[in-house]
Amino acid sequence: MSSMFSLEGKVAIVTGASRWTGKVVALEMARAGADLLICARKAERLEAAAEEVRGLGRRCIAVPTNVENAEQVSAMVCRAKEAFGRIDILVNSAGTSMPVSTLELAEDRFDAMVRLNLKAHFLCSRAVAPVMIEQGGGCIVDVASTEGLRASPTNCAYGAAKAGLMNLVKTLAVEWGRYRIRVNAVAPGFIATPIHPGYMEGYPHLKAIYERVPLGRGVTMEEVAAAVIYLASDAAGGTTGITLPVDGGLTSLM
């Protein structure tokens with residue numbers, strides 16, 4: 001690996017890291033040389049992921065955290081600072097969606113989507129910023145979605161939250177650039193995961209969108225992780241305030 005893309009000597013926090021994309025991001029960052037604090041709500045799955053990271057020869061601590069809770073987020077960030085002495089990278093990967101038509105979407109479900117997919121990213125970013133300012137800089141990478149770049153039928157709360165997240169990225173990049181804190185996002189399209197087989201059949205409009213992907217397939221979690229690592233590395237040292245689609249070319253059609 002080119003030294004520009006290496007994360008050797010860096011300390012990273014990855015949220016939502018107990019499974020799926022967050023876990024893959026954590027593992028690939030470890031392979032790139034980073035030591036990690038990983039967090040998610042469920043302790044058992046989180047510790048299993050931490051063991052995999054340690055198996056790659058990197059230091060890793062697992063801190064069960066509800067990233068929607070400001071006090072728990074603050075405690076998690078303090079734990080990382082105490083354990084490693086610094087925080088170079090924050091990857092906000094925690095998120096989920098609950099597809100349902102807008103007319104059937106309950107208010108509490110809408111609020112839940114915004115809390116996890118937008119507010120939690122704000123809370124984590126705000127919590128690490130003072131540490132990064134004190135040490136002279138750092139990098140934040142948010143995992144957004146192409147659903148924030150296009151209409152999001154049957155997923156309006158998720159799409160709206162991700163659109164808001166992309167604006168948050170731009171705003172923080174402008175506000176915190178003076179502190180040498182870079183803030184960017186990765187926007188995956190359809191991700192190939194074990195939960196997807198047969199999923200599209202229940203949502204004909206999604207199937208129609210998926211079939212238009214120029215590369216003819218969903219992206220892999222490893223490809224999303226590679227984009228995160230690029231934005232977190234010195235190779236992207238001049239890049240801040242952007243959202244990088246990883247979507248097989250889908251947004252080029254929009």
# chains A, B, ... in the order shown; residues from 1 in each chain; ligands from 1

$ residues_around --residues "Thr21 (chain A)" --least-positions-apart "5" --cutoff "8 Å" --atoms "only C-alpha atoms" --output "list in words"
Ser93, Met221, Glu222, Val224 and Ala225 of chain A

$ write_last_selection --atoms "C-alpha atoms" --output "PDB file, in the first residue's frame"
ATOM      1  CA  SER A  93     -21.221   4.483  10.238  1.00  0.00           C
ATOM      2  CA  MET A 221     -19.005  -3.378   1.711  1.00  0.00           C
ATOM      3  CA  GLU A 222     -15.256  -3.599   1.027  1.00  0.00           C
ATOM      4  CA  VAL A 224     -17.405   1.310   0.622  1.00  0.00           C
ATOM      5  CA  ALA A 225     -14.637   0.752   3.178  1.00  0.00           C
TER       6      ALA A 225
END

$ residues_around --residues "Leu168 (chain A)" --least-positions-apart "5" --cutoff "12 Å" --atoms "only C-alpha atoms" --output "count of residues only"
26

$ residues_around --residues "region 177-179 of chain A" --least-positions-apart "3" --cutoff "10 Å" --atoms "only C-alpha atoms" --output "PyMOL selection string"
chain A and resi 129-130+132-138+171-174+182-183+240-241

$ atom_distance --atom1 "CA of Ile38 (chain A)" --atom2 "CA of Glu51 (chain A)"
11.0 Å

$ select_by_dssp --residues "region 72-141 of chain A" --states "alpha helix (DSSP H)" --output "number ranges by chain"
A: 72-84, 107-114, 120-135

$ write_last_selection --atoms "N, CA and C atoms" --output "compact mmCIF listing (two decimals), in the first residue's frame"
# COMPACT_ATOMS: atom_id res chain seq x y z
N GLN A 72 -23.51 9.24 26.63
CA GLN A 72 -22.79 8.02 26.28
C GLN A 72 -21.74 8.29 25.20
N VAL A 73 -22.06 9.15 24.25
CA VAL A 73 -21.10 9.51 23.21
C VAL A 73 -19.89 10.19 23.83
N SER A 74 -20.11 11.13 24.74
CA SER A 74 -19.01 11.82 25.41
C SER A 74 -18.13 10.85 26.17
N ALA A 75 -18.75 9.91 26.87
CA ALA A 75 -17.98 8.91 27.61
C ALA A 75 -17.17 8.03 26.68
N MET A 76 -17.74 7.67 25.55
CA MET A 76 -17.03 6.83 24.57
C MET A 76 -15.80 7.56 24.02
N VAL A 77 -15.95 8.84 23.70
CA VAL A 77 -14.83 9.63 23.19
C VAL A 77 -13.74 9.78 24.25
N CYS A 78 -14.14 10.00 25.49
CA CYS A 78 -13.16 10.08 26.59
C CYS A 78 -12.40 8.77 26.74
N ARG A 79 -13.11 7.65 26.56
CA ARG A 79 -12.45 6.34 26.66
C ARG A 79 -11.39 6.19 25.57
N ALA A 80 -11.71 6.65 24.37
CA ALA A 80 -10.73 6.56 23.28
C ALA A 80 -9.50 7.42 23.57
N LYS A 81 -9.72 8.63 24.07
CA LYS A 81 -8.61 9.53 24.39
C LYS A 81 -7.74 8.95 25.50
N GLU A 82 -8.38 8.38 26.50
CA GLU A 82 -7.64 7.79 27.62
C GLU A 82 -6.83 6.59 27.16
N ALA A 83 -7.41 5.77 26.28
CA ALA A 83 -6.75 4.53 25.86
C ALA A 83 -5.61 4.78 24.88
N PHE A 84 -5.79 5.73 23.98
CA PHE A 84 -4.82 5.91 22.88
C PHE A 84 -4.09 7.24 22.89
N GLU A 107 -45.08 8.97 13.23
CA GLU A 107 -44.22 10.08 13.64
C GLU A 107 -43.01 9.60 14.43
N ASP A 108 -43.21 8.64 15.33
CA ASP A 108 -42.10 8.18 16.15
C ASP A 108 -41.05 7.46 15.30
N ARG A 109 -41.48 6.80 14.22
CA ARG A 109 -40.53 6.15 13.31
C ARG A 109 -39.73 7.19 12.54
N PHE A 110 -40.41 8.25 12.11
CA PHE A 110 -39.70 9.34 11.43
C PHE A 110 -38.63 9.92 12.36
N ASP A 111 -39.02 10.20 13.60
CA ASP A 111 -38.08 10.76 14.57
C ASP A 111 -36.90 9.83 14.82
N ALA A 112 -37.17 8.52 14.88
CA ALA A 112 -36.11 7.54 15.12
C ALA A 112 -35.10 7.54 13.98
N MET A 113 -35.59 7.65 12.74
CA MET A 113 -34.70 7.68 11.58
C MET A 113 -33.79 8.91 11.61
N VAL A 114 -34.36 10.04 11.97
CA VAL A 114 -33.56 11.28 12.02
C VAL A 114 -32.56 11.23 13.17
N ALA A 120 -27.25 11.56 15.55
CA ALA A 120 -26.13 10.80 16.14
C ALA A 120 -24.81 11.18 15.50
N HIS A 121 -24.81 11.44 14.19
CA HIS A 121 -23.59 11.85 13.51
C HIS A 121 -23.14 13.22 14.03
N PHE A 122 -24.10 14.11 14.27
CA PHE A 122 -23.79 15.41 14.85
C PHE A 122 -23.20 15.25 16.24
N LEU A 123 -23.82 14.43 17.08
CA LEU A 123 -23.33 14.25 18.45
C LEU A 123 -21.90 13.72 18.48
N CYS A 124 -21.63 12.71 17.65
CA CYS A 124 -20.28 12.12 17.64
C CYS A 124 -19.25 13.10 17.10
N SER A 125 -19.61 13.82 16.05
CA SER A 125 -18.68 14.79 15.47
C SER A 125 -18.38 15.91 16.47
N ARG A 126 -19.41 16.41 17.11
CA ARG A 126 -19.22 17.48 18.09
C ARG A 126 -18.36 17.01 19.26
N ALA A 127 -18.50 15.75 19.64
CA ALA A 127 -17.74 15.23 20.79
C ALA A 127 -16.26 15.06 20.48
N VAL A 128 -15.91 14.66 19.25
CA VAL A 128 -14.49 14.45 18.94
C VAL A 128 -13.78 15.73 18.53
N ALA A 129 -14.53 16.74 18.10
CA ALA A 129 -13.91 17.96 17.59
C ALA A 129 -12.94 18.61 18.57
N PRO A 130 -13.29 18.76 19.87
CA PRO A 130 -12.33 19.39 20.79
C PRO A 130 -11.01 18.61 20.90
N VAL A 131 -11.09 17.29 20.84
CA VAL A 131 -9.86 16.48 20.89
C VAL A 131 -9.02 16.74 19.65
N MET A 132 -9.66 16.77 18.49
CA MET A 132 -8.93 17.01 17.25
C MET A 132 -8.36 18.42 17.20
N ILE A 133 -9.11 19.39 17.70
CA ILE A 133 -8.62 20.77 17.74
C ILE A 133 -7.37 20.87 18.62
N GLU A 134 -7.43 20.23 19.77
CA GLU A 134 -6.31 20.27 20.71
C GLU A 134 -5.05 19.65 20.12
N GLN A 135 -5.20 18.58 19.35
CA GLN A 135 -4.04 17.89 18.80
C GLN A 135 -3.60 18.44 17.45

$ closest_residue --among "A:Val246, A:Val186, A:Arg45, A:Arg115" --to "Ala70 (chain A)" --atoms "only C-alpha atoms"
A:Arg115

$ closest_residue --among "A:Met98, A:Met4, A:Ser145, A:Thr154" --to "Leu244 (chain A)" --atoms "only C-alpha atoms"
A:Ser145

$ residues_around --residues "Thr65 (chain A)" --least-positions-apart "2" --cutoff "6 Å" --atoms "only C-alpha atoms" --output "PDB file with C-alpha atoms, in the first residue's frame"
ATOM      1  CA  CYS A  39     -18.866   1.070  19.240  1.00  0.00           C
ATOM      2  CA  ALA A  40     -22.416  -0.166  18.752  1.00  0.00           C
ATOM      3  CA  ARG A  41     -25.305  -0.948  21.053  1.00  0.00           C
ATOM      4  CA  VAL A  67     -24.801   7.097  19.749  1.00  0.00           C
ATOM      5  CA  GLN A  72     -22.793   8.015  26.278  1.00  0.00           C
TER       6      GLN A  72
END

$ residues_around --residues "Asp234 (chain A)" --least-positions-apart "4" --cutoff "8 Å" --atoms "only C-alpha atoms" --output "PDB file with C-alpha atoms, in the first residue's frame"
ATOM      1  CA  MET A   4      -0.319   8.076   1.292  1.00  0.00           C
ATOM      2  CA  PHE A   5      -3.169   5.611   1.793  1.00  0.00           C
ATOM      3  CA  SER A   6      -1.724   4.077   4.964  1.00  0.00           C
ATOM      4  CA  TYR A 230      -9.183   7.063   1.045  1.00  0.00           C
TER       5      TYR A 230
END

$ atom_distance --atom1 "CA of Ser252 (chain A)" --atom2 "CA of Arg217 (chain A)"
14.9 Å

$ residues_around --residues "Ala160 (chain A)" --least-positions-apart "4" --cutoff "9 Å" --atoms "only C-alpha atoms" --output "tab-separated table (two decimals) with N, CA and C atoms, in the first residue's frame"
chain	number	residue	atom	x	y	z
A	114	VAL	N	-34.36	10.04	11.97
A	114	VAL	CA	-33.56	11.28	12.02
A	114	VAL	C	-32.56	11.23	13.17
A	147	GLU	N	-29.55	7.71	-1.29
A	147	GLU	CA	-30.95	8.06	-1.07
A	147	GLU	C	-31.11	9.50	-0.60
A	148	GLY	N	-30.01	10.11	-0.17
A	148	GLY	CA	-30.02	11.52	0.15
A	148	GLY	C	-29.76	12.40	-1.05
A	152	SER	N	-36.54	9.35	-2.45
A	152	SER	CA	-36.42	8.13	-1.65
A	152	SER	C	-37.80	7.57	-1.31
A	155	ASN	N	-39.07	5.47	1.77
A	155	ASN	CA	-37.97	5.61	2.73
A	155	ASN	C	-37.72	7.09	2.98
A	156	CYS	N	-38.79	7.88	3.10
A	156	CYS	CA	-38.64	9.33	3.09
A	156	CYS	C	-37.84	9.84	4.28
A	164	GLY	N	-29.84	15.67	4.90
A	164	GLY	CA	-29.41	16.58	5.94
A	164	GLY	C	-27.98	16.32	6.37
A	165	LEU	N	-27.60	15.04	6.41
A	165	LEU	CA	-26.24	14.68	6.79
A	165	LEU	C	-25.22	15.26	5.82

$ select_by_dssp --residues "region 123-238 of chain A" --states "strand (DSSP E)" --output "PyMOL selection string"
chain A and resi 138-143+181-188

$ write_last_selection --atoms "N, CA and C atoms" --output "mmCIF file, in the first residue's frame"
data_model
loop_
_atom_site.group_PDB
_atom_site.id
_atom_site.type_symbol
_atom_site.label_atom_id
_atom_site.label_comp_id
_atom_site.auth_asym_id
_atom_site.auth_seq_id
_atom_site.Cartn_x
_atom_site.Cartn_y
_atom_site.Cartn_z
ATOM 1 N N GLY A 138 -7.605 16.507 12.406
ATOM 2 C CA GLY A 138 -8.203 15.185 12.376
ATOM 3 C C GLY A 138 -9.092 15.050 11.161
ATOM 4 N N CYS A 139 -9.834 13.967 11.114
ATOM 5 C CA CYS A 139 -10.644 13.661 9.937
ATOM 6 C C CYS A 139 -11.923 12.962 10.370
ATOM 7 N N ILE A 140 -13.033 13.410 9.807
ATOM 8 C CA ILE A 140 -14.339 12.793 10.049
ATOM 9 C C ILE A 140 -14.895 12.316 8.715
ATOM 10 N N VAL A 141 -15.356 11.068 8.685
ATOM 11 C CA VAL A 141 -15.985 10.515 7.486
ATOM 12 C C VAL A 141 -17.346 9.967 7.882
ATOM 13 N N ASP A 142 -18.391 10.490 7.257
ATOM 14 C CA ASP A 142 -19.751 10.017 7.515
ATOM 15 C C ASP A 142 -20.175 9.048 6.421
ATOM 16 N N VAL A 143 -20.878 8.002 6.806
ATOM 17 C CA VAL A 143 -21.468 7.095 5.826
ATOM 18 C C VAL A 143 -22.888 7.586 5.565
ATOM 19 N N ILE A 181 -9.372 20.182 10.535
ATOM 20 C CA ILE A 181 -10.264 19.023 10.612
ATOM 21 C C ILE A 181 -10.980 18.911 9.274
ATOM 22 N N ARG A 182 -10.769 17.796 8.583
ATOM 23 C CA ARG A 182 -11.445 17.535 7.322
ATOM 24 C C ARG A 182 -12.718 16.734 7.590
ATOM 25 N N VAL A 183 -13.800 17.091 6.898
ATOM 26 C CA VAL A 183 -15.080 16.398 7.078
ATOM 27 C C VAL A 183 -15.638 16.044 5.708
ATOM 28 N N ASN A 184 -15.851 14.760 5.467
ATOM 29 C CA ASN A 184 -16.349 14.274 4.186
ATOM 30 C C ASN A 184 -17.359 13.151 4.412
ATOM 31 N N ALA A 185 -17.984 12.714 3.341
ATOM 32 C CA ALA A 185 -18.942 11.609 3.428
ATOM 33 C C ALA A 185 -18.771 10.667 2.254
ATOM 34 N N VAL A 186 -19.148 9.436 2.469
ATOM 35 C CA VAL A 186 -19.269 8.421 1.425
ATOM 36 C C VAL A 186 -20.754 8.109 1.280
ATOM 37 N N ALA A 187 -21.227 8.057 0.055
ATOM 38 C CA ALA A 187 -22.647 7.770 -0.184
ATOM 39 C C ALA A 187 -22.789 6.462 -0.954
ATOM 40 N N PRO A 188 -22.960 5.352 -0.262
ATOM 41 C CA PRO A 188 -23.170 4.081 -0.970
ATOM 42 C C PRO A 188 -24.505 4.053 -1.694
#

$ atom_distance --atom1 "CA of Val24 (chain A)" --atom2 "CA of Gly238 (chain A)"
25.5 Å

$ residues_around --residues "Met254 (chain A)" --least-positions-apart "5" --cutoff "10 Å" --atoms "only C-alpha atoms" --output "PyMOL selection string"
chain A and resi 149-151+249

$ closest_residue --among "A:Val63, A:Ala26, A:Leu36, A:Leu231" --to "Gly9 (chain A)" --atoms "only C-alpha atoms"
A:Leu36

$ decode --residues "region 159-200 of chain A" --atoms "N, CA and C atoms" --output "compact mmCIF listing (two decimals), in the first residue's frame"
# COMPACT_ATOMS: atom_id res chain seq x y z
N GLY A 159 -34.11 9.04 3.65
CA GLY A 159 -33.57 9.90 2.61
C GLY A 159 -33.40 11.33 3.08
N ALA A 160 -34.39 11.84 3.82
CA ALA A 160 -34.30 13.20 4.33
C ALA A 160 -33.16 13.35 5.33
N ALA A 161 -32.98 12.35 6.19
CA ALA A 161 -31.89 12.40 7.16
C ALA A 161 -30.53 12.37 6.47
N LYS A 162 -30.40 11.53 5.44
CA LYS A 162 -29.13 11.45 4.73
C LYS A 162 -28.84 12.71 3.94
N ALA A 163 -29.87 13.34 3.39
CA ALA A 163 -29.69 14.62 2.72
C ALA A 163 -29.22 15.67 3.71
N GLY A 164 -29.84 15.67 4.90
CA GLY A 164 -29.41 16.58 5.94
C GLY A 164 -27.98 16.32 6.37
N LEU A 165 -27.60 15.04 6.41
CA LEU A 165 -26.24 14.68 6.79
C LEU A 165 -25.22 15.26 5.82
N MET A 166 -25.53 15.22 4.54
CA MET A 166 -24.60 15.75 3.55
C MET A 166 -24.42 17.26 3.71
N ASN A 167 -25.49 17.96 4.10
CA ASN A 167 -25.37 19.38 4.37
C ASN A 167 -24.55 19.61 5.64
N LEU A 168 -24.76 18.76 6.65
CA LEU A 168 -23.97 18.86 7.87
C LEU A 168 -22.48 18.71 7.58
N VAL A 169 -22.15 17.77 6.70
CA VAL A 169 -20.76 17.55 6.31
C VAL A 169 -20.16 18.83 5.72
N LYS A 170 -20.89 19.46 4.82
CA LYS A 170 -20.39 20.70 4.22
C LYS A 170 -20.20 21.80 5.26
N THR A 171 -21.18 21.92 6.15
CA THR A 171 -21.12 22.97 7.17
C THR A 171 -19.95 22.77 8.13
N LEU A 172 -19.78 21.55 8.60
CA LEU A 172 -18.67 21.28 9.52
C LEU A 172 -17.33 21.44 8.83
N ALA A 173 -17.27 21.06 7.55
CA ALA A 173 -16.01 21.24 6.80
C ALA A 173 -15.62 22.70 6.75
N VAL A 174 -16.59 23.59 6.55
CA VAL A 174 -16.32 25.02 6.48
C VAL A 174 -15.98 25.57 7.87
N GLU A 175 -16.76 25.19 8.88
CA GLU A 175 -16.53 25.71 10.23
C GLU A 175 -15.21 25.23 10.82
N TRP A 176 -14.85 23.98 10.56
CA TRP A 176 -13.71 23.37 11.24
C TRP A 176 -12.44 23.29 10.40
N GLY A 177 -12.52 23.77 9.16
CA GLY A 177 -11.32 23.75 8.33
C GLY A 177 -10.17 24.52 8.95
N ARG A 178 -10.47 25.59 9.67
CA ARG A 178 -9.43 26.41 10.31
C ARG A 178 -8.64 25.62 11.35
N TYR A 179 -9.26 24.53 11.85
CA TYR A 179 -8.61 23.69 12.85
C TYR A 179 -7.92 22.48 12.22
N ARG A 180 -7.87 22.44 10.91
CA ARG A 180 -7.29 21.34 10.15
C ARG A 180 -8.07 20.04 10.37
N ILE A 181 -9.37 20.18 10.54
CA ILE A 181 -10.26 19.02 10.61
C ILE A 181 -10.98 18.91 9.27
N ARG A 182 -10.77 17.80 8.58
CA ARG A 182 -11.44 17.54 7.32
C ARG A 182 -12.72 16.73 7.59
N VAL A 183 -13.80 17.09 6.90
CA VAL A 183 -15.08 16.40 7.08
C VAL A 183 -15.64 16.04 5.71
N ASN A 184 -15.85 14.76 5.47
CA ASN A 184 -16.35 14.27 4.19
C ASN A 184 -17.36 13.15 4.41
N ALA A 185 -17.98 12.71 3.34
CA ALA A 185 -18.94 11.61 3.43
C ALA A 185 -18.77 10.67 2.25
N VAL A 186 -19.15 9.44 2.47
CA VAL A 186 -19.27 8.42 1.42
C VAL A 186 -20.75 8.11 1.28
N ALA A 187 -21.23 8.06 0.06
CA ALA A 187 -22.65 7.77 -0.18
C ALA A 187 -22.79 6.46 -0.95
N PRO A 188 -22.96 5.35 -0.26
CA PRO A 188 -23.17 4.08 -0.97
C PRO A 188 -24.50 4.05 -1.69
N GLY A 189 -24.53 3.31 -2.77
CA GLY A 189 -25.79 2.99 -3.43
C GLY A 189 -26.32 1.70 -2.86
N PHE A 190 -26.80 0.80 -3.71
CA PHE A 190 -27.25 -0.51 -3.24
C PHE A 190 -26.04 -1.33 -2.82
N ILE A 191 -26.02 -1.76 -1.58
CA ILE A 191 -24.90 -2.55 -1.05
C ILE A 191 -25.29 -4.02 -1.07
N ALA A 192 -24.40 -4.84 -1.60
CA ALA A 192 -24.63 -6.28 -1.63
C ALA A 192 -24.36 -6.85 -0.24
N THR A 193 -25.42 -7.24 0.47
CA THR A 193 -25.29 -7.84 1.80
C THR A 193 -26.16 -9.09 1.85
N PRO A 194 -25.95 -9.94 2.86
CA PRO A 194 -26.75 -11.16 2.97
C PRO A 194 -28.25 -10.90 3.13
N ILE A 195 -28.65 -9.66 3.49
CA ILE A 195 -30.08 -9.42 3.68
C ILE A 195 -30.78 -9.04 2.38
N HIS A 196 -30.02 -8.85 1.31
CA HIS A 196 -30.63 -8.36 0.08
C HIS A 196 -31.27 -9.41 -0.83
N PRO A 197 -30.84 -10.67 -0.82
CA PRO A 197 -31.48 -11.62 -1.75
C PRO A 197 -32.99 -11.62 -1.60
N GLY A 198 -33.69 -11.37 -2.68
CA GLY A 198 -35.14 -11.36 -2.66
C GLY A 198 -35.76 -10.07 -2.15
N TYR A 199 -34.94 -9.20 -1.57
CA TYR A 199 -35.46 -7.97 -0.97
C TYR A 199 -36.13 -7.08 -2.00
N MET A 200 -35.52 -6.95 -3.17
CA MET A 200 -36.03 -6.04 -4.19
C MET A 200 -37.41 -6.46 -4.71
